[in-house]
Structures are given as structure tokens and as C-alpha cells.
Amino acid sequence: MLGSRPSYSVWLPAAARRGPGGPVAEHTVPWLRVAAAYAWRLILVGIVVYGVFSVLGRFQLIAVALFLALVVTSVLRPLADLLNRVLARPLSVAVALVGSLLLVLTLFALVGNAVANESDKLAGEFRGGIHRIEVWLQRPPLRLSPGKLSDLQRQVTDYIAGHQASLLSSAVSGLGRVVELITGGALAFFASVFFIHSGERMWSWARDQLLPSGARARWDRAGRAAWRTFAGYTRGIIIVAAANAVLVGIALFVLRVPLALPLTLLEFFAAFIPLVGSPVALGVATVVALAGRGPLTAAAVLVLIVVIGQLEGHVLHPLVMSWAVRLHPLVVAVSVIAGSIVAGVIGAVVAVPFISVVWSVLRALRAAPS
């Protein structure tokens, strides 16, 4: 166009685009290049993991129910296969599920009956235990005055009186949680029936319908590796939790700690959160021992925390879990903390099996096809 400036393109020779010692990129220190290469991959993995947990968070009830169904399947599938040798497949599945459900309900009934029968005795023990704690707080090294303790009790009473409405609403929302829990349990039981009965056929159908023919063999190998890892982790953690619960139960009964049976059950379920759950449950047992039996019994429970922690970390986990899950303790700790940040207690429980399954899938996909 008239009056406009002509456009120019400038081309530089290859030598001009190179530094005196070669390409400019080669002047970057090796560790920085390696760190940058790992950084974008870690960012991508973090985005994917965050996306997965975000989607699961929106369908938390369904995700938790299916996770519980997979846990039940990994535990009861061998029993159903064993019963299938003498019974029809539907009947073997029904016997395994109904029998295990009755066993769990019987255990909870025993716990509730034990608490109900000892409620009056426990109330008196706790009142005396609270008085002993007050006397202990007044002694060195804390030297809290009786006036401060009375003020603390009054503040707690005033807080409860002033927040009755919020506490009532929390109780109502807790009832809603109970309804969700029942719904999730029903869905988990319903899904477990199909997973135990025909999980293999369901996986084969999904593989043949959703994957291209060239990728089926590789992803079939990855899926089976994921299931072996998940089932091995689940069975291993149940063995570890049961061993911890037996040791804790024997010690609490010997020390005559109140609520020994409920605390044993709490230890069993808490052990499903690696590295964190067991110390928290034993911390609760320590408080109960302090209130019910005094400082000496509480100190014995503290020693029990150390002993069981060492036994779990150096004997049970390496012996039981090494064949199913090969993760460094640091990875386990970071996974539990990250899962609790993202999804609370559920995230802490799911984090380690999730990371273990992802790692087994990656290893299976990288392996050369047989």
C-alpha cells in the first residue's frame, strides 16, 4: 500500500544461533535440566491426581461405597471360591456375605452390650478419674490453681449452654450422615454381590468394549496387577490391624482399663490409616486409662504405644505387606497426609492403596509384553 513501510524478515545462520561452545541449551547445568524434566511431569501427575480426587469428591458417597465393595470383594472372594467347590456360585456368595455380615453385627452387639452393662461403673470411675487428673494438675510441674480449673469447667459449661443451637444442628446433620452411611452401606453390599459373583466377567466385558484391540492385552495385564496389589494390600492391612487389636486388647484387659473392648475395636479400625491411626487410637486409650485407672496405668499404655509402634513398623508391615506393596515409608507418610488434606479421614484411608495401585499399573504398562 502507498505510504506503508515494507516488511522485512531477518534470517540468522545456524552458527549465529549457537554459542561459542555449541547450542545454548547445552550450557544449562545438567541437574537443572533433569529437575525441569521431572518438574513438569510431577505437575502433570499432580493435576491428574487432583482431578481424580475432585471428581470423586463430588460423588463421594458412590466412590466410598464402591471402594468398600472392592475391599469386601478382596476379602471374601477367596472364601466364596472355596465354598463354590461344594455349593452353587450364587449360594456360596450369599453364605460368604451373610455370614460375614452376621459376624460383624455380632461383634458390634457385644461391644454395645459391654458398654451398657458397665455404664454405671464407668461413670463412677470417670468421675473419680477426673478428680485425680485435677489433683495431678495442681501438683508440680504444672501447679494449676483450683480457681483456674473451676474457670475452665465454667467456660466449658457456658460454651455448651451458649451453643446449644449449633450443637443441635450438628446432631441433626449427624443424623443425615447416618442416613448417608446406611445408603452407602446398602450400595456397597449390593455392589459386592456382583463383584464377588462375576467380577472377572465384568472386567472382561469392560476391557473388550472400552479398549481398542491392540491395547487390550497390555491393559489387561495392568488391571490384573492393580487388583493383585489392591487385594494384597487389603488382606495385609487387615492382618496387621487384627494383630495390633489383639495385642492392644490383651494389654488393656490385663491393665483393667475401662472400655477395653471398644478401645480394641477402635484400634482395629484405626490401624487402616498407616503410621497415624494406631497412635491416635492408643492416645485415646491413654486418656481413658488416665481417667479410669490413674497415671501409672496411663504411663503403661504410653509404653504400649511405643512397643506396638515399633512392632508394627519393623515386624508386621515388612513381613506382611512387603509382598503386596513396596512403598518407601516416606511415600506412605506423604500419601496419608496428602489424602487427609484432600478428603479427610476417607482420603487418609484411601491414599496408600491408591498410590500402590497407580504404581503397580505404571510398572505393568512399562513392562515388555510377554
# chains A, B, ... in the order shown; residues from 1 in each chain; ligands from 1

call {"tool": "residues_around", "arguments": {"residues": "A:Arg228", "least_positions_apart": "3", "cutoff": "10 Å", "atoms": "only C-alpha atoms", "output": "JSON, numbers by chain"}}
result
{"A": [74, 222, 223, 224, 225, 231, 232, 233, 234, 324, 325, 357, 360]}

call {"tool": "closest_atom_pairs", "arguments": {"of": "stretch 287-354 of chain A", "to": "stretch 34-53 of chain A", "cutoff": "12 Å", "atoms": "only C-alpha atoms", "output": "JSON lines"}}
result
{"residue": "A:Ser335", "atom": "CA", "partner": "A:Val49", "partner_atom": "CA", "distance": 11.5}
{"residue": "A:Ala338", "atom": "CA", "partner": "A:Tyr50", "partner_atom": "CA", "distance": 10.4}
{"residue": "A:Gly339", "atom": "CA", "partner": "A:Phe53", "partner_atom": "CA", "distance": 9.0}
{"residue": "A:Ser340", "atom": "CA", "partner": "A:Phe53", "partner_atom": "CA", "distance": 11.4}
{"residue": "A:Ile341", "atom": "CA", "partner": "A:Phe53", "partner_atom": "CA", "distance": 11.0}
{"residue": "A:Val342", "atom": "CA", "partner": "A:Phe53", "partner_atom": "CA", "distance": 7.4}
{"residue": "A:Ala343", "atom": "CA", "partner": "A:Phe53", "partner_atom": "CA", "distance": 7.8}
{"residue": "A:Gly344", "atom": "CA", "partner": "A:Phe53", "partner_atom": "CA", "distance": 11.5}
{"residue": "A:Ile346", "atom": "CA", "partner": "A:Phe53", "partner_atom": "CA", "distance": 11.1}
{"residue": "A:Gly347", "atom": "CA", "partner": "A:Phe53", "partner_atom": "CA", "distance": 8.8}
{"residue": "A:Val350", "atom": "CA", "partner": "A:Phe53", "partner_atom": "CA", "distance": 10.5}
{"residue": "A:Ala351", "atom": "CA", "partner": "A:Phe53", "partner_atom": "CA", "distance": 10.2}
{"residue": "A:Phe354", "atom": "CA", "partner": "A:Val49", "partner_atom": "CA", "distance": 10.0}

call {"tool": "write_last_selection", "arguments": {"atoms": "N, CA and C atoms", "output": "short mmCIF file (atom, residue, chain, number, x, y, z; two decimals), in the first residue's frame"}}
result
data_model
loop_
_atom_site.label_atom_id
_atom_site.label_comp_id
_atom_site.auth_asym_id
_atom_site.auth_seq_id
_atom_site.Cartn_x
_atom_site.Cartn_y
_atom_site.Cartn_z
N SER A 335 1.68 -39.68 51.45
CA SER A 335 0.39 -40.06 50.86
C SER A 335 -0.74 -39.92 51.88
N ALA A 338 -1.34 -36.14 52.49
CA ALA A 338 -1.98 -35.53 51.32
C ALA A 338 -3.42 -36.00 51.18
N GLY A 339 -3.67 -37.28 51.39
CA GLY A 339 -5.03 -37.77 51.32
C GLY A 339 -5.94 -37.17 52.38
N SER A 340 -5.42 -36.98 53.59
CA SER A 340 -6.23 -36.36 54.64
C SER A 340 -6.52 -34.90 54.33
N ILE A 341 -5.59 -34.20 53.69
CA ILE A 341 -5.83 -32.81 53.31
C ILE A 341 -6.92 -32.72 52.25
N VAL A 342 -6.88 -33.64 51.29
CA VAL A 342 -7.82 -33.58 50.18
C VAL A 342 -9.20 -34.07 50.59
N ALA A 343 -9.28 -35.18 51.32
CA ALA A 343 -10.58 -35.80 51.60
C ALA A 343 -10.75 -36.25 53.03
N GLY A 344 -10.02 -35.69 53.97
CA GLY A 344 -10.22 -36.01 55.38
C GLY A 344 -9.82 -37.44 55.71
N ILE A 346 -11.36 -40.21 55.04
CA ILE A 346 -11.52 -41.12 53.90
C ILE A 346 -10.30 -41.04 53.00
N GLY A 347 -9.81 -39.84 52.77
CA GLY A 347 -8.61 -39.70 51.95
C GLY A 347 -7.39 -40.34 52.57
N VAL A 350 -7.74 -44.08 51.92
CA VAL A 350 -7.67 -44.49 50.51
C VAL A 350 -6.31 -44.19 49.90
N ALA A 351 -5.55 -43.23 50.46
CA ALA A 351 -4.36 -42.71 49.80
C ALA A 351 -3.33 -43.79 49.49
N PHE A 354 -4.39 -46.33 46.89
CA PHE A 354 -4.48 -45.64 45.59
C PHE A 354 -3.10 -45.47 44.97
#

call {"tool": "residues_around", "arguments": {"residues": "stretch 280-283 of chain A", "least_positions_apart": "3", "cutoff": "6 Å", "atoms": "only C-alpha atoms", "output": "ChimeraX atom specification"}}
result
/A:267,277,286

call {"tool": "closest_residue", "arguments": {"among": "A:Leu187, A:Ile237, A:Met202, A:Val332", "to": "A:Val276", "atoms": "only C-alpha atoms"}}
result
A:Val332

call {"tool": "atom_distance", "arguments": {"atom1": "atom CA of A:Leu275", "atom2": "atom CA of A:Phe230"}}
result
18.5 Å

call {"tool": "closest_residue", "arguments": {"among": "A:Trp227, A:Thr264, A:Ala285, A:Gly184", "to": "A:Gly249", "atoms": "only C-alpha atoms"}}
result
A:Thr264

call {"tool": "residues_around", "arguments": {"residues": "A:Arg293", "least_positions_apart": "2", "cutoff": "7 Å", "atoms": "only C-alpha atoms", "output": "PyMOL selection string"}}
result
chain A and resi 129+257+289-291+297

call {"tool": "atom_distance", "arguments": {"atom1": "atom CA of A:Leu255", "atom2": "atom CA of A:Phe108"}}
result
22.7 Å

call {"tool": "closest_residue", "arguments": {"among": "A:Ser198, A:Val352, A:Ala114, A:Ala300", "to": "A:Pro258", "atoms": "only C-alpha atoms"}}
result
A:Ala114

call {"tool": "atom_distance", "arguments": {"atom1": "atom CA of A:Arg221", "atom2": "atom CA of A:Leu76"}}
result
22.8 Å

call {"tool": "closest_residue", "arguments": {"among": "A:Ala241, A:Val288, A:Leu61, A:Leu87", "to": "A:Leu316", "atoms": "only C-alpha atoms"}}
result
A:Ala241

call {"tool": "residues_around", "arguments": {"residues": "A:Ile250", "least_positions_apart": "4", "cutoff": "12 Å", "atoms": "only C-alpha atoms", "output": "PyMOL selection string"}}
result
chain A and resi 243-246+254-257+260-261+263-264+301+304

call {"tool": "write_last_selection", "arguments": {"atoms": "all heavy atoms", "output": "mmCIF file, in the first residue's frame"}}
result
data_model
loop_
_atom_site.group_PDB
_atom_site.id
_atom_site.type_symbol
_atom_site.label_atom_id
_atom_site.label_comp_id
_atom_site.auth_asym_id
_atom_site.auth_seq_id
_atom_site.Cartn_x
_atom_site.Cartn_y
_atom_site.Cartn_z
ATOM 1 N N ALA A 243 -3.710 -58.067 64.257
ATOM 2 C CA ALA A 243 -2.608 -58.336 65.194
ATOM 3 C C ALA A 243 -2.471 -57.206 66.209
ATOM 4 O O ALA A 243 -2.304 -57.457 67.419
ATOM 5 C CB ALA A 243 -1.306 -58.523 64.422
ATOM 6 N N ASN A 244 -2.544 -55.951 65.738
ATOM 7 C CA ASN A 244 -2.484 -54.823 66.662
ATOM 8 C C ASN A 244 -3.627 -54.860 67.663
ATOM 9 O O ASN A 244 -3.440 -54.606 68.865
ATOM 10 C CB ASN A 244 -2.528 -53.511 65.882
ATOM 11 C CG ASN A 244 -1.200 -53.165 65.247
ATOM 12 O OD1 ASN A 244 -0.220 -53.867 65.428
ATOM 13 N ND2 ASN A 244 -1.158 -52.081 64.499
ATOM 14 N N ALA A 245 -4.835 -55.134 67.167
ATOM 15 C CA ALA A 245 -6.004 -55.138 68.048
ATOM 16 C C ALA A 245 -5.888 -56.239 69.108
ATOM 17 O O ALA A 245 -6.253 -56.022 70.280
ATOM 18 C CB ALA A 245 -7.270 -55.329 67.217
ATOM 19 N N VAL A 246 -5.378 -57.406 68.726
ATOM 20 C CA VAL A 246 -5.222 -58.491 69.705
ATOM 21 C C VAL A 246 -4.221 -58.103 70.788
ATOM 22 O O VAL A 246 -4.479 -58.285 71.998
ATOM 23 C CB VAL A 246 -4.787 -59.786 68.990
ATOM 24 C CG1 VAL A 246 -4.373 -60.843 70.009
ATOM 25 C CG2 VAL A 246 -5.918 -60.310 68.126
ATOM 26 N N VAL A 254 -5.438 -56.779 80.715
ATOM 27 C CA VAL A 254 -4.512 -57.045 81.819
ATOM 28 C C VAL A 254 -4.391 -55.818 82.718
ATOM 29 O O VAL A 254 -4.356 -55.944 83.961
ATOM 30 C CB VAL A 254 -3.137 -57.461 81.264
ATOM 31 C CG1 VAL A 254 -2.089 -57.498 82.372
ATOM 32 C CG2 VAL A 254 -3.228 -58.831 80.595
ATOM 33 N N LEU A 255 -4.342 -54.633 82.128
ATOM 34 C CA LEU A 255 -4.239 -53.395 82.906
ATOM 35 C C LEU A 255 -5.579 -52.951 83.483
ATOM 36 O O LEU A 255 -5.631 -51.964 84.218
ATOM 37 C CB LEU A 255 -3.667 -52.273 82.030
ATOM 38 C CG LEU A 255 -2.233 -52.471 81.535
ATOM 39 C CD1 LEU A 255 -1.860 -51.376 80.536
ATOM 40 C CD2 LEU A 255 -1.265 -52.460 82.707
ATOM 41 N N ARG A 256 -6.648 -53.662 83.133
ATOM 42 C CA ARG A 256 -8.005 -53.353 83.615
ATOM 43 C C ARG A 256 -8.412 -51.925 83.261
ATOM 44 O O ARG A 256 -8.965 -51.192 84.072
ATOM 45 C CB ARG A 256 -8.120 -53.597 85.116
ATOM 46 C CG ARG A 256 -7.954 -55.072 85.510
ATOM 47 C CD ARG A 256 -8.250 -55.286 86.968
ATOM 48 N NE ARG A 256 -7.332 -54.502 87.813
ATOM 49 C CZ ARG A 256 -7.511 -54.316 89.124
ATOM 50 N NH1 ARG A 256 -8.565 -54.841 89.728
ATOM 51 N NH2 ARG A 256 -6.630 -53.607 89.812
ATOM 52 N N VAL A 257 -8.150 -51.548 82.032
ATOM 53 C CA VAL A 257 -8.548 -50.232 81.539
ATOM 54 C C VAL A 257 -10.030 -50.276 81.199
ATOM 55 O O VAL A 257 -10.496 -51.233 80.571
ATOM 56 C CB VAL A 257 -7.726 -49.839 80.300
ATOM 57 C CG1 VAL A 257 -8.203 -48.522 79.708
ATOM 58 C CG2 VAL A 257 -6.254 -49.752 80.666
ATOM 59 N N ALA A 260 -12.271 -51.584 77.567
ATOM 60 C CA ALA A 260 -11.185 -52.277 76.866
ATOM 61 C C ALA A 260 -11.654 -52.835 75.526
ATOM 62 O O ALA A 260 -10.938 -52.729 74.517
ATOM 63 C CB ALA A 260 -10.648 -53.405 77.746
ATOM 64 N N LEU A 261 -12.859 -53.418 75.471
ATOM 65 C CA LEU A 261 -13.346 -53.989 74.221
ATOM 66 C C LEU A 261 -13.625 -52.920 73.162
ATOM 67 O O LEU A 261 -13.181 -53.068 72.009
ATOM 68 C CB LEU A 261 -14.590 -54.845 74.490
ATOM 69 C CG LEU A 261 -15.144 -55.629 73.300
ATOM 70 C CD1 LEU A 261 -14.080 -56.560 72.729
ATOM 71 C CD2 LEU A 261 -16.392 -56.420 73.704
ATOM 72 N N LEU A 263 -12.233 -50.000 72.939
ATOM 73 C CA LEU A 263 -10.930 -49.449 72.558
ATOM 74 C C LEU A 263 -10.161 -50.419 71.660
ATOM 75 O O LEU A 263 -9.432 -49.989 70.756
ATOM 76 C CB LEU A 263 -10.114 -49.137 73.812
ATOM 77 C CG LEU A 263 -10.608 -47.956 74.651
ATOM 78 C CD1 LEU A 263 -9.813 -47.851 75.938
ATOM 79 C CD2 LEU A 263 -10.520 -46.655 73.862
ATOM 80 N N THR A 264 -10.327 -51.713 71.886
ATOM 81 C CA THR A 264 -9.703 -52.696 71.000
ATOM 82 C C THR A 264 -10.281 -52.601 69.591
ATOM 83 O O THR A 264 -9.550 -52.647 68.595
ATOM 84 C CB THR A 264 -9.909 -54.108 71.552
ATOM 85 O OG1 THR A 264 -9.347 -54.184 72.875
ATOM 86 C CG2 THR A 264 -9.272 -55.148 70.669
ATOM 87 N N VAL A 301 0.179 -47.581 79.272
ATOM 88 C CA VAL A 301 -0.405 -47.532 77.924
ATOM 89 C C VAL A 301 0.497 -46.745 76.987
ATOM 90 O O VAL A 301 0.628 -47.081 75.802
ATOM 91 C CB VAL A 301 -1.826 -46.931 77.982
ATOM 92 C CG1 VAL A 301 -2.410 -46.782 76.582
ATOM 93 C CG2 VAL A 301 -2.743 -47.811 78.826
ATOM 94 N N LEU A 304 3.006 -48.968 75.867
ATOM 95 C CA LEU A 304 2.388 -49.854 74.888
ATOM 96 C C LEU A 304 2.361 -49.208 73.501
ATOM 97 O O LEU A 304 2.557 -49.885 72.483
ATOM 98 C CB LEU A 304 0.971 -50.212 75.348
ATOM 99 C CG LEU A 304 0.150 -51.104 74.426
ATOM 100 C CD1 LEU A 304 0.767 -52.490 74.357
ATOM 101 C CD2 LEU A 304 -1.293 -51.182 74.896
#

call {"tool": "closest_residue", "arguments": {"among": "A:Trp219, A:Phe268, A:Phe59, A:Phe195", "to": "A:Val93", "atoms": "only C-alpha atoms"}}
result
A:Phe195
